[in-house]
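Dumped data-v2.cif below, it's mmCIF, C-alpha atoms:
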data_entry
loop_
_atom_site.label_atom_id
_atom_site.label_comp_id
_atom_site.auth_asym_id
_atom_site.auth_seq_id
_atom_site.Cartn_x
_atom_site.Cartn_y
_atom_site.Cartn_z
CA MET A 1 -1.93 -23.96 -20.59
CA LYS A 2 -0.95 -24.41 -24.21
CA THR A 3 -3.62 -22.12 -25.65
CA VAL A 4 -2.43 -19.16 -23.56
CA VAL A 5 1.09 -19.64 -24.95
CA GLU A 6 -0.23 -19.91 -28.50
CA VAL A 7 -2.47 -16.85 -28.25
CA ARG A 8 0.38 -14.89 -26.71
CA ARG A 9 2.74 -15.93 -29.52
CA LYS A 10 0.23 -14.76 -32.13
CA ALA A 11 -0.31 -11.46 -30.32
CA LEU A 12 3.47 -10.88 -30.20
CA ALA A 13 3.80 -11.71 -33.91
CA ALA A 14 1.05 -9.21 -34.75
CA ASN A 15 2.78 -6.65 -32.52
CA ASP A 16 6.12 -7.20 -34.26
CA GLN A 17 4.53 -6.50 -37.63
CA VAL A 18 3.16 -3.13 -36.48
CA ALA A 19 6.50 -2.37 -34.80
CA ALA A 20 8.34 -3.01 -38.08
CA GLU A 21 6.07 -0.48 -39.83
CA LEU A 22 6.70 2.04 -37.05
CA ARG A 23 10.45 1.50 -37.34
CA ARG A 24 10.38 2.31 -41.07
CA ARG A 25 8.34 5.41 -40.35
CA PHE A 26 10.77 6.59 -37.64
CA THR A 27 13.70 6.02 -40.01
CA ASP A 28 11.98 8.10 -42.69
CA SER A 29 11.38 10.96 -40.26
CA GLY A 30 14.92 10.74 -38.84
CA THR A 31 13.53 10.27 -35.35
CA LEU A 32 15.53 8.45 -32.67
CA VAL A 33 13.05 6.49 -30.54
CA VAL A 34 13.87 5.46 -26.99
CA ASN A 35 11.66 3.05 -25.01
CA LEU A 36 12.03 3.75 -21.25
CA ILE A 37 11.21 0.77 -19.02
CA SER A 38 11.33 0.52 -15.22
CA SER A 39 9.45 -0.28 -12.02
CA PRO A 40 6.82 2.23 -10.90
CA GLY A 41 8.51 5.20 -9.25
CA SER A 42 12.05 4.66 -10.61
CA GLY A 43 11.96 8.16 -12.03
CA LYS A 44 11.17 7.87 -15.74
CA THR A 45 9.22 11.15 -15.82
CA ALA A 46 11.77 12.88 -13.57
CA LEU A 47 14.57 11.78 -15.93
CA LEU A 48 12.70 13.33 -18.87
CA GLU A 49 12.08 16.51 -16.85
CA ALA A 50 15.86 16.80 -16.41
CA THR A 51 16.80 15.59 -19.92
CA ILE A 52 14.57 17.70 -22.17
CA PRO A 53 15.71 21.12 -20.87
CA ALA A 54 19.33 19.91 -20.81
CA LEU A 55 19.12 18.88 -24.49
CA GLY A 56 17.96 22.42 -25.28
CA ASP A 57 18.30 23.23 -28.98
CA ARG A 58 20.32 20.11 -29.74
CA CYS A 59 17.23 17.95 -30.35
CA SER A 60 13.50 18.58 -30.72
CA CYS A 61 11.61 16.16 -28.47
CA ALA A 62 8.19 14.51 -28.24
CA VAL A 63 6.92 12.04 -25.67
CA ILE A 64 4.38 9.20 -25.51
CA VAL A 65 3.50 8.20 -21.95
CA GLY A 66 1.78 4.95 -20.96
CA ASP A 67 -0.11 4.58 -17.69
CA LEU A 68 -2.99 2.51 -16.33
CA ALA A 69 -4.74 5.69 -15.22
CA THR A 70 -4.33 9.50 -14.87
CA GLU A 71 -2.89 12.11 -17.29
CA ARG A 72 -0.41 13.17 -14.61
CA ASP A 73 2.84 12.24 -16.34
CA ALA A 74 1.89 13.78 -19.71
CA ASP A 75 0.85 16.96 -17.85
CA ARG A 76 4.28 17.11 -16.20
CA ILE A 77 5.99 16.77 -19.61
CA ARG A 78 3.75 19.39 -21.27
CA THR A 79 4.86 22.02 -18.76
CA LEU A 80 8.31 21.69 -20.41
CA GLY A 81 6.76 22.99 -23.64
CA VAL A 82 7.06 19.62 -25.36
CA ARG A 83 4.38 17.63 -27.23
CA ALA A 84 3.23 14.72 -25.05
CA HIS A 85 0.49 12.15 -25.64
CA GLN A 86 -0.87 10.09 -22.75
CA VAL A 87 -1.93 6.52 -23.55
CA LEU A 88 -4.30 5.13 -20.92
CA THR A 89 -4.01 1.36 -21.06
CA GLY A 90 -6.95 0.61 -18.76
CA GLY A 91 -5.77 -2.52 -17.03
CA ALA A 92 -3.00 -3.42 -19.47
CA CYS A 93 0.47 -3.78 -17.99
CA HIS A 94 2.54 -2.62 -20.98
CA LEU A 95 2.38 -0.53 -24.16
CA ASP A 96 2.07 -2.30 -27.50
CA ALA A 97 2.99 -1.13 -31.01
CA ARG A 98 -0.64 -0.56 -31.98
CA GLN A 99 -1.03 1.95 -29.13
CA VAL A 100 2.07 3.81 -30.32
CA ALA A 101 0.65 3.92 -33.88
CA GLN A 102 -2.65 5.23 -32.47
CA ALA A 103 -0.82 7.89 -30.45
CA LEU A 104 0.94 9.08 -33.64
CA ALA A 105 -2.44 9.23 -35.41
CA ALA A 106 -4.11 11.07 -32.52
CA MET A 107 -1.53 13.80 -32.10
CA SER A 108 1.05 15.47 -34.28
CA LEU A 109 4.21 14.17 -32.58
CA LEU A 110 6.38 13.91 -35.70
CA PRO A 111 8.62 15.33 -37.02
CA ALA A 112 10.83 15.21 -33.94
CA ASP A 113 14.52 14.46 -33.53
CA LEU A 114 13.83 12.38 -30.43
CA LEU A 115 10.72 10.48 -29.38
CA PHE A 116 10.72 9.15 -25.85
CA ILE A 117 8.23 6.38 -25.09
CA GLU A 118 7.72 6.22 -21.33
CA ASN A 119 6.31 2.74 -20.83
CA VAL A 120 3.90 1.61 -18.09
CA GLY A 121 5.70 1.18 -14.74
CA ASN A 122 6.53 -2.51 -14.86
CA LEU A 123 9.96 -4.16 -15.01
CA ILE A 124 8.66 -7.36 -16.62
CA CYS A 125 5.86 -7.27 -19.21
CA PRO A 126 6.98 -4.31 -21.40
CA THR A 127 10.25 -6.15 -22.13
CA THR A 128 8.84 -8.40 -24.86
CA TYR A 129 6.86 -5.77 -26.78
CA ASP A 130 8.77 -4.14 -29.61
CA LEU A 131 7.48 -0.58 -30.12
CA GLY A 132 9.62 0.20 -33.16
CA GLU A 133 12.19 1.88 -30.92
CA ASP A 134 15.91 2.22 -31.69
CA PHE A 135 16.74 0.90 -28.24
CA LYS A 136 15.34 0.12 -24.83
CA VAL A 137 16.55 1.83 -21.66
CA ALA A 138 16.14 0.17 -18.26
CA LEU A 139 15.96 2.54 -15.28
CA LEU A 140 16.92 1.33 -11.81
CA SER A 141 16.72 3.66 -8.82
CA VAL A 142 19.26 3.19 -6.05
CA THR A 143 16.41 2.81 -3.54
CA GLU A 144 15.21 -0.41 -5.25
CA GLY A 145 18.25 -2.41 -4.19
CA ASP A 146 21.36 -3.72 -5.92
CA ASP A 147 19.99 -7.24 -6.52
CA LYS A 148 17.56 -6.26 -9.27
CA PRO A 149 19.42 -7.05 -12.54
CA PHE A 150 19.77 -10.76 -11.71
CA LYS A 151 16.18 -10.89 -10.35
CA TYR A 152 14.72 -9.28 -13.50
CA PRO A 153 17.28 -10.47 -16.06
CA ALA A 154 15.27 -10.14 -19.29
CA ILE A 155 15.04 -6.35 -19.33
CA PHE A 156 18.65 -5.78 -18.26
CA ALA A 157 19.82 -8.22 -20.97
CA ARG A 158 17.81 -6.43 -23.67
CA ALA A 159 18.29 -2.79 -22.66
CA GLU A 160 21.09 -1.13 -24.61
CA VAL A 161 21.45 1.38 -21.76
CA THR A 162 20.85 0.96 -18.01
CA VAL A 163 20.29 4.29 -16.28
CA VAL A 164 20.79 4.16 -12.52
CA THR A 165 18.62 6.96 -11.08
CA LYS A 166 18.37 8.89 -7.79
CA SER A 167 22.12 8.79 -7.17
CA ASP A 168 21.61 11.71 -4.74
CA LEU A 169 20.08 9.16 -2.33
CA LEU A 170 23.17 6.90 -2.32
CA PRO A 171 24.38 8.21 1.09
CA HIS A 172 21.06 7.10 2.66
CA VAL A 173 20.66 3.54 1.29
CA ARG A 174 22.65 0.34 0.94
CA PHE A 175 23.38 0.03 -2.77
CA ASP A 176 26.52 -1.57 -4.18
CA LEU A 177 27.02 0.12 -7.54
CA GLY A 178 29.91 -2.23 -8.37
CA ALA A 179 27.62 -5.25 -7.91
CA VAL A 180 25.04 -3.70 -10.24
CA ARG A 181 27.72 -2.97 -12.85
CA GLN A 182 28.87 -6.60 -12.70
CA GLN A 183 25.35 -8.01 -13.03
CA VAL A 184 24.49 -5.75 -15.98
CA ALA A 185 27.83 -6.49 -17.68
CA SER A 186 27.26 -10.23 -17.34
CA LEU A 187 23.69 -10.01 -18.70
CA ASN A 188 24.61 -7.63 -21.51
CA PRO A 189 28.36 -7.34 -22.22
CA ILE A 190 27.89 -4.55 -24.80
CA GLY A 191 25.40 -2.53 -22.71
CA ARG A 192 26.11 0.92 -21.30
CA LEU A 193 25.47 1.94 -17.70
CA LEU A 194 25.03 5.56 -16.60
CA VAL A 195 24.59 6.87 -13.07
CA THR A 196 22.25 9.86 -12.81
CA SER A 197 20.20 12.04 -10.52
CA ALA A 198 17.37 14.20 -11.83
CA THR A 199 17.58 16.13 -8.52
CA SER A 200 21.30 16.98 -8.49
CA GLY A 201 21.85 16.80 -12.27
CA ASP A 202 24.52 14.12 -11.81
CA GLY A 203 25.14 12.24 -15.08
CA ILE A 204 22.49 14.11 -17.09
CA SER A 205 24.98 15.64 -19.54
CA SER A 206 26.54 12.23 -20.33
CA TRP A 207 23.03 10.85 -20.93
CA CYS A 208 22.20 13.80 -23.24
CA ASP A 209 25.50 13.32 -25.12
CA LEU A 210 24.64 9.64 -25.64
CA LEU A 211 21.19 10.53 -27.01
CA ALA A 212 22.53 13.25 -29.34
CA ALA A 213 25.30 10.94 -30.61
CA ARG A 214 22.86 8.09 -31.27
CA ARG A 215 20.53 10.44 -33.14
CA ALA A 216 23.40 11.76 -35.27
CA ALA A 217 24.48 8.16 -36.00
CA LYS A 218 20.94 7.28 -37.07
CA LEU A 219 20.83 10.22 -39.48
CA ALA A 220 24.28 9.35 -40.85
CA GLY A 221 23.19 5.72 -41.39
CA ARG A 222 20.16 6.88 -43.36
CA ARG A 223 22.22 8.83 -45.87
CA MET B 1 -8.03 -9.13 -29.69
CA LYS B 2 -11.08 -11.06 -28.51
CA THR B 3 -9.34 -14.42 -28.22
CA VAL B 4 -6.73 -13.06 -25.81
CA VAL B 5 -9.53 -11.76 -23.56
CA GLU B 6 -11.37 -15.10 -23.75
CA VAL B 7 -8.30 -17.21 -23.03
CA ARG B 8 -7.42 -14.91 -20.14
CA ARG B 9 -10.94 -15.20 -18.69
CA LYS B 10 -10.72 -19.00 -18.83
CA ALA B 11 -7.28 -18.98 -17.20
CA LEU B 12 -8.60 -16.74 -14.40
CA ALA B 13 -11.64 -19.00 -13.87
CA ALA B 14 -9.35 -22.05 -13.60
CA ASN B 15 -7.15 -20.11 -11.18
CA ASP B 16 -10.15 -19.16 -9.02
CA GLN B 17 -11.12 -22.81 -8.70
CA VAL B 18 -7.68 -23.81 -7.40
CA ALA B 19 -7.68 -20.75 -5.12
CA ALA B 20 -11.01 -21.81 -3.61
CA GLU B 21 -9.54 -25.23 -2.78
CA LEU B 22 -6.49 -23.57 -1.23
CA ARG B 23 -8.74 -21.29 0.84
CA ARG B 24 -10.60 -24.31 2.29
CA ARG B 25 -7.28 -25.95 3.08
CA PHE B 26 -5.94 -22.83 4.84
CA THR B 27 -9.16 -22.58 6.86
CA ASP B 28 -8.79 -26.22 7.93
CA SER B 29 -5.20 -25.64 9.05
CA GLY B 30 -6.07 -22.36 10.81
CA THR B 31 -3.50 -20.53 8.71
CA LEU B 32 -3.83 -16.81 8.01
CA VAL B 33 -2.54 -16.20 4.48
CA VAL B 34 -1.28 -12.79 3.39
CA ASN B 35 -0.49 -11.98 -0.26
CA LEU B 36 2.17 -9.23 -0.43
CA ILE B 37 2.14 -7.22 -3.68
CA SER B 38 4.35 -4.30 -4.71
CA SER B 39 6.77 -2.88 -7.26
CA PRO B 40 10.24 -4.43 -7.38
CA GLY B 41 12.34 -3.08 -4.53
CA SER B 42 9.53 -1.71 -2.34
CA GLY B 43 10.82 -3.84 0.52
CA LYS B 44 8.64 -6.96 0.70
CA THR B 45 11.50 -9.18 1.86
CA ALA B 46 12.82 -6.47 4.20
CA LEU B 47 9.35 -6.14 5.75
CA LEU B 48 9.30 -9.90 6.41
CA GLU B 49 12.82 -9.76 7.85
CA ALA B 50 11.54 -7.18 10.36
CA THR B 51 8.13 -8.82 10.94
CA ILE B 52 9.01 -12.45 11.59
CA PRO B 53 11.43 -11.82 14.49
CA ALA B 54 9.04 -9.19 15.92
CA LEU B 55 6.16 -11.70 15.93
CA GLY B 56 8.38 -14.03 17.95
CA ASP B 57 6.38 -16.78 19.68
CA ARG B 58 3.03 -15.19 18.87
CA CYS B 59 2.72 -16.87 15.45
CA SER B 60 4.60 -19.62 13.63
CA CYS B 61 5.41 -18.43 10.11
CA ALA B 62 6.12 -19.88 6.68
CA VAL B 63 6.84 -18.06 3.42
CA ILE B 64 6.35 -18.67 -0.29
CA VAL B 65 8.40 -16.31 -2.46
CA GLY B 66 7.84 -15.68 -6.16
CA ASP B 67 10.56 -14.35 -8.45
CA LEU B 68 11.49 -14.51 -12.11
CA ALA B 69 14.95 -15.72 -11.18
CA THR B 70 17.34 -16.35 -8.22
CA GLU B 71 16.74 -18.01 -4.82
CA ARG B 72 17.95 -14.83 -3.11
CA ASP B 73 14.79 -13.82 -1.29
CA ALA B 74 14.03 -17.31 0.05
CA ASP B 75 17.65 -17.55 1.24
CA ARG B 76 17.22 -14.27 3.14
CA ILE B 77 14.05 -15.59 4.81
CA ARG B 78 15.62 -18.95 5.70
CA THR B 79 18.33 -17.23 7.73
CA LEU B 80 15.49 -16.22 10.09
CA GLY B 81 14.94 -19.92 10.84
CA VAL B 82 11.63 -19.98 8.97
CA ARG B 83 10.46 -22.40 6.27
CA ALA B 84 10.58 -20.68 2.88
CA HIS B 85 9.88 -22.03 -0.59
CA GLN B 86 11.07 -20.16 -3.66
CA VAL B 87 8.86 -20.32 -6.76
CA LEU B 88 10.79 -19.46 -9.93
CA THR B 89 8.23 -18.26 -12.46
CA GLY B 90 10.61 -18.18 -15.45
CA GLY B 91 9.24 -15.25 -17.39
CA ALA B 92 5.83 -15.07 -15.68
CA CYS B 93 4.96 -11.74 -14.11
CA HIS B 94 2.80 -13.00 -11.20
CA LEU B 95 2.13 -16.03 -9.01
CA ASP B 96 -0.95 -18.14 -9.68
CA ALA B 97 -2.89 -20.48 -7.40
CA ARG B 98 -1.47 -23.60 -9.05
CA GLN B 99 2.06 -22.51 -8.16
CA VAL B 100 1.01 -22.02 -4.53
CA ALA B 101 -0.52 -25.53 -4.49
CA GLN B 102 2.70 -26.91 -5.99
CA ALA B 103 4.78 -25.09 -3.37
CA LEU B 104 2.68 -26.69 -0.61
CA ALA B 105 3.20 -30.11 -2.23
CA ALA B 106 6.95 -29.58 -2.65
CA MET B 107 7.70 -28.47 0.90
CA SER B 108 6.15 -28.98 4.30
CA LEU B 109 4.98 -25.40 4.94
CA LEU B 110 1.81 -26.26 6.91
CA PRO B 111 0.81 -26.27 9.69
CA ALA B 112 1.69 -22.63 10.25
CA ASP B 113 -0.20 -19.83 11.95
CA LEU B 114 0.80 -17.39 9.25
CA LEU B 115 1.74 -17.97 5.62
CA PHE B 116 3.18 -14.98 3.78
CA ILE B 117 3.11 -15.15 0.00
CA GLU B 118 5.63 -12.67 -1.36
CA ASN B 119 4.47 -12.15 -4.92
CA VAL B 120 6.62 -11.30 -7.95
CA GLY B 121 7.67 -7.62 -7.92
CA ASN B 122 4.93 -6.09 -10.06
CA LEU B 123 2.25 -3.61 -9.04
CA ILE B 124 -0.15 -4.64 -11.82
CA CYS B 125 -0.45 -8.28 -12.92
CA PRO B 126 -0.56 -10.07 -9.51
CA THR B 127 -3.66 -8.05 -8.58
CA THR B 128 -6.15 -10.24 -10.46
CA TYR B 129 -4.83 -13.64 -9.34
CA ASP B 130 -6.53 -15.03 -6.24
CA LEU B 131 -4.05 -17.25 -4.34
CA GLY B 132 -6.50 -18.39 -1.65
CA GLU B 133 -5.23 -15.63 0.65
CA ASP B 134 -7.22 -14.01 3.46
CA PHE B 135 -6.22 -10.60 2.20
CA LYS B 136 -3.87 -8.73 -0.10
CA VAL B 137 -1.35 -6.18 1.15
CA ALA B 138 -0.01 -3.44 -1.14
CA LEU B 139 3.41 -2.08 -0.25
CA LEU B 140 4.44 1.40 -1.37
CA SER B 141 7.88 2.77 -0.53
CA VAL B 142 8.19 6.50 0.08
CA THR B 143 10.87 6.68 -2.63
CA GLU B 144 8.36 5.64 -5.33
CA GLY B 145 6.40 8.89 -5.10
CA ASP B 146 3.05 9.93 -3.66
CA ASP B 147 1.14 9.69 -6.96
CA LYS B 148 1.12 5.89 -7.14
CA PRO B 149 -2.33 4.89 -5.73
CA PHE B 150 -4.24 6.80 -8.41
CA LYS B 151 -1.80 5.63 -11.11
CA TYR B 152 -2.15 1.95 -10.11
CA PRO B 153 -5.69 2.00 -8.73
CA ALA B 154 -6.63 -1.70 -8.98
CA ILE B 155 -4.20 -2.98 -6.35
CA PHE B 156 -4.84 -0.16 -3.89
CA ALA B 157 -8.61 -0.69 -4.25
CA ARG B 158 -8.30 -4.43 -3.58
CA ALA B 159 -5.65 -4.48 -0.86
CA GLU B 160 -7.15 -4.66 2.61
CA VAL B 161 -3.96 -3.10 3.97
CA THR B 162 -1.55 -0.61 2.38
CA VAL B 163 1.87 -0.68 4.03
CA VAL B 164 3.96 2.42 3.34
CA THR B 165 7.60 1.31 3.64
CA LYS B 166 11.02 2.99 4.08
CA SER B 167 9.61 5.79 6.26
CA ASP B 168 13.18 6.38 7.49
CA LEU B 169 13.88 7.94 4.06
CA LEU B 170 11.05 10.53 4.38
CA PRO B 171 13.48 13.37 5.28
CA HIS B 172 15.33 12.82 1.99
CA VAL B 173 12.46 12.61 -0.54
CA ARG B 174 9.34 14.53 -1.53
CA PHE B 175 6.44 12.34 -0.40
CA ASP B 176 3.11 13.74 0.78
CA LEU B 177 1.77 11.09 3.16
CA GLY B 178 -1.54 12.96 3.49
CA ALA B 179 -2.04 12.78 -0.29
CA VAL B 180 -1.39 9.02 -0.25
CA ARG B 181 -3.85 8.56 2.63
CA GLN B 182 -6.53 10.44 0.68
CA GLN B 183 -5.97 8.45 -2.53
CA VAL B 184 -6.05 5.10 -0.71
CA ALA B 185 -9.15 6.12 1.31
CA SER B 186 -10.97 7.13 -1.86
CA LEU B 187 -10.07 3.88 -3.66
CA ASN B 188 -10.81 1.68 -0.64
CA PRO B 189 -12.80 3.38 2.14
CA ILE B 190 -12.51 0.39 4.50
CA GLY B 191 -8.80 -0.22 3.89
CA ARG B 192 -6.10 0.26 6.51
CA LEU B 193 -2.88 2.19 5.96
CA LEU B 194 0.25 1.65 8.05
CA VAL B 195 3.53 3.56 7.87
CA THR B 196 6.62 1.43 8.49
CA SER B 197 10.37 1.21 8.23
CA ALA B 198 12.17 -2.14 8.32
CA THR B 199 15.36 -0.18 9.04
CA SER B 200 14.19 1.89 12.04
CA GLY B 201 11.42 -0.49 13.18
CA ASP B 202 8.84 2.29 12.83
CA GLY B 203 5.30 0.83 12.65
CA ILE B 204 6.38 -2.82 12.79
CA SER B 205 4.62 -3.52 16.10
CA SER B 206 1.29 -2.13 14.79
CA TRP B 207 1.66 -4.32 11.71
CA CYS B 208 2.40 -7.39 13.86
CA ASP B 209 -0.60 -6.60 16.09
CA LEU B 210 -2.82 -6.41 12.99
CA LEU B 211 -1.56 -9.81 11.78
CA ALA B 212 -1.98 -11.49 15.17
CA ALA B 213 -5.50 -10.04 15.57
CA ARG B 214 -6.55 -11.17 12.10
CA ARG B 215 -5.21 -14.66 12.77
CA ALA B 216 -7.09 -14.85 16.09
CA ALA B 217 -10.27 -13.67 14.33
CA LYS B 218 -9.86 -16.36 11.68
CA LEU B 219 -9.51 -19.06 14.33
CA ALA B 220 -12.54 -17.68 16.24
CA GLY B 221 -14.59 -17.66 13.03
CA ARG B 222 -13.78 -21.33 12.42
CA ARG B 223 -15.11 -22.48 15.80
#
Full structure transcribed into structure tokens:
Amino acid sequence: MKTVVEVRRKALAANDQVAAELRRRFTDSGTLVVNLISSPGSGKTALLEATIPALGDRCSCAVIVGDLATERDADRIRTLGVRAHQVLTGGACHLDARQVAQALAAMSLLPADLLFIENVGNLICPTTYDLGEDFKVALLSVTEGDDKPFKYPAIFARAEVTVVTKSDLLPHVRFDLGAVRQQVASLNPIGRLLVTSATSGDGISSWCDLLAARRAAKLAGRR
Amino acid sequence: MKTVVEVRRKALAANDQVAAELRRRFTDSGTLVVNLISSPGSGKTALLEATIPALGDRCSCAVIVGDLATERDADRIRTLGVRAHQVLTGGACHLDARQVAQALAAMSLLPADLLFIENVGNLICPTTYDLGEDFKVALLSVTEGDDKPFKYPAIFARAEVTVVTKSDLLPHVRFDLGAVRQQVASLNPIGRLLVTSATSGDGISSWCDLLAARRAAKLAGRR
């Protein structure tokens, strides 16, 4: 269906334009923006619940959360004492740049050192939508299976960081971490891979160090 | 963007027409068709690996598997001695009726008592595409969290059966089965919910009984 392809290309071009404006704005405010993408239930909100307290005074944080329905995830984030805006997409399977711009207009999220965008739970469609972020992060929980990077190659090729989550469950599932490392390395040779658990705290300090270092590098680059 | 909505509506109407033809064809061949939908890694293939041997001589089975990339899942099914056709969608986030028709043309999958269509791992987009199936099944693994039905309401409202998977992991995760039952019942008062584990075999016989009964009812309705 040629028209579907054409309409989609136009929509993506319009999205990229808004994303470019957002990116300039985030550079001006010195905000590092991280776009978190994963399947439903991989632990995006749980990762933020572990990350934000662990960052402590190092970075001020704000969060935009995308979901089809419910304010549940934004409510969880707000209990951390952090500004969080919930975008309800209705039926839409991904966030787009316009929704991020609307979230910034609706709520005072900036200035912030770090803005996390927790995308809609979907390992496919959010991949192609630029939200003005500095980088994408793909989350993969150990319960989803070690075959996922090659089955969903686009996101693992584009994500600068792959965060393996729920490492505390490794003793109870079959999950070959070496195989996942190899797949991610072959899809994205310069990508980073971190192994974490929001429950045990495993890997959270390395993840926080990465975020703080990237934010410092962004500020240094602006000078 | 009005044009996107219009183009999408036309694409869905074209899909529904092909699906209606498929449905007639499946009725003629006496084939019960089940469309399995879930997040990546919820255990669709694992459920089939447990189901097909457990059905034994009761039903002859065939499988169509949709994935972005790799023949992995079809290969796993074929080791069970069952006909399986892998549809590679490229970037597409769901199967459509045309792809099912093409799979039937490419490989001799019928006659079969039961045709499983294992959709692309995505809890959102496959929901709106009719594939000529008798009913949709939503899978939800206990590791994904008990908040998912209300966060992804469309699929749980439309699925005739919700299959909770990986029940063997219940001792290791926080998952309120009662809360999931309530959410599913409120979204779909006539839906069924089964709790299963492909690892322990928990619930697999009830699931097989449901499939065999539905297939018998379809044959009876045709007479």
### Summary
As a check of understanding: the span from CA of Ser167 (chain B) to CA of Leu55 (chain B) is 20.3 Å
### Query
With all atoms listed in the file as the atoms that count, which of B:Arg83, B:Arg24, B:Lys136, B:His172 lies nearest to chain A?
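Closest to chain A of all the choices is B:His172.
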### Residues matched by the PyMOL selection byres ((chain A and resi 18) around 10), written as a ChimeraX atom specification
/A:12-17,19-23,96-101,130-132
### Query
Just so the selection is clear, what residues does the PyMOL selection byres ((chain A and resi 176) around 12) cover here, as a PyMOL selection string?
chain A and resi 142-148+164+167+170-171+173-175+177-183
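With only C-alpha atoms as the atoms that count, the residue of A:Leu68, A:Leu36, A:Leu123, A:Val163 with the shortest distance to Gly203 (chain A) is A:Val163.
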#### Entry: Sel. within 12 Å of pt (-2.1, 18.1, -20.8), counting only C-alpha atoms, output as a count of residues only
21
### Residue with smallest distance to chain B - pool A:Asn188, A:Thr27, A:Asn122, A:Gln102, counting all atoms listed in the file
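Closest residue, counting all atoms listed in the file: A:Asn122.
Residue-level contact on chain A: within 7 Å of chain B, counting only C-alpha atoms, the set is A:Val4, A:Val7, A:Ser39, A:Pro40, A:Gly41, A:Ser42, A:Asp67, A:Leu68, A:Ala69, A:Thr70, A:Cys93, A:Asn122, A:Ile124, A:Cys125, A:Thr143, A:Glu144, A:Gly145, A:Phe150, A:Lys151, A:Tyr152.
Taking all atoms listed in the file into account, those protein, DNA and RNA residues with any atom at most 8 Å away from (10.7, 0.8, -22.8) amount to Val34, Asn35, Leu36, Ile37, Ser38, Ile117, Glu118, Asn119, Pro126, Thr127, Lys136, Val137 and Ala138 of chain A.
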#### Entry: Proximity to Leu115 (chain B) - best of B:Pro189, B:Gly66, B:Pro53, B:Gly30, only C-alpha atoms
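When distances to Leu115 (chain B) are compared using only C-alpha atoms, the smallest one comes from B:Gly30.
Closest approach to Ile155 (chain A) among A:Met107, A:Ile190, A:Leu210, A:Val184 is made by A:Val184 (distances from all atoms listed in the file).
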#### Entry: Atom pair CA of Leu32 (chain B) / CA of Ser60 (chain B): separation (Å)
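One can read the CA of Leu32 (chain B) to CA of Ser60 (chain B) distance as 10.5 Å.
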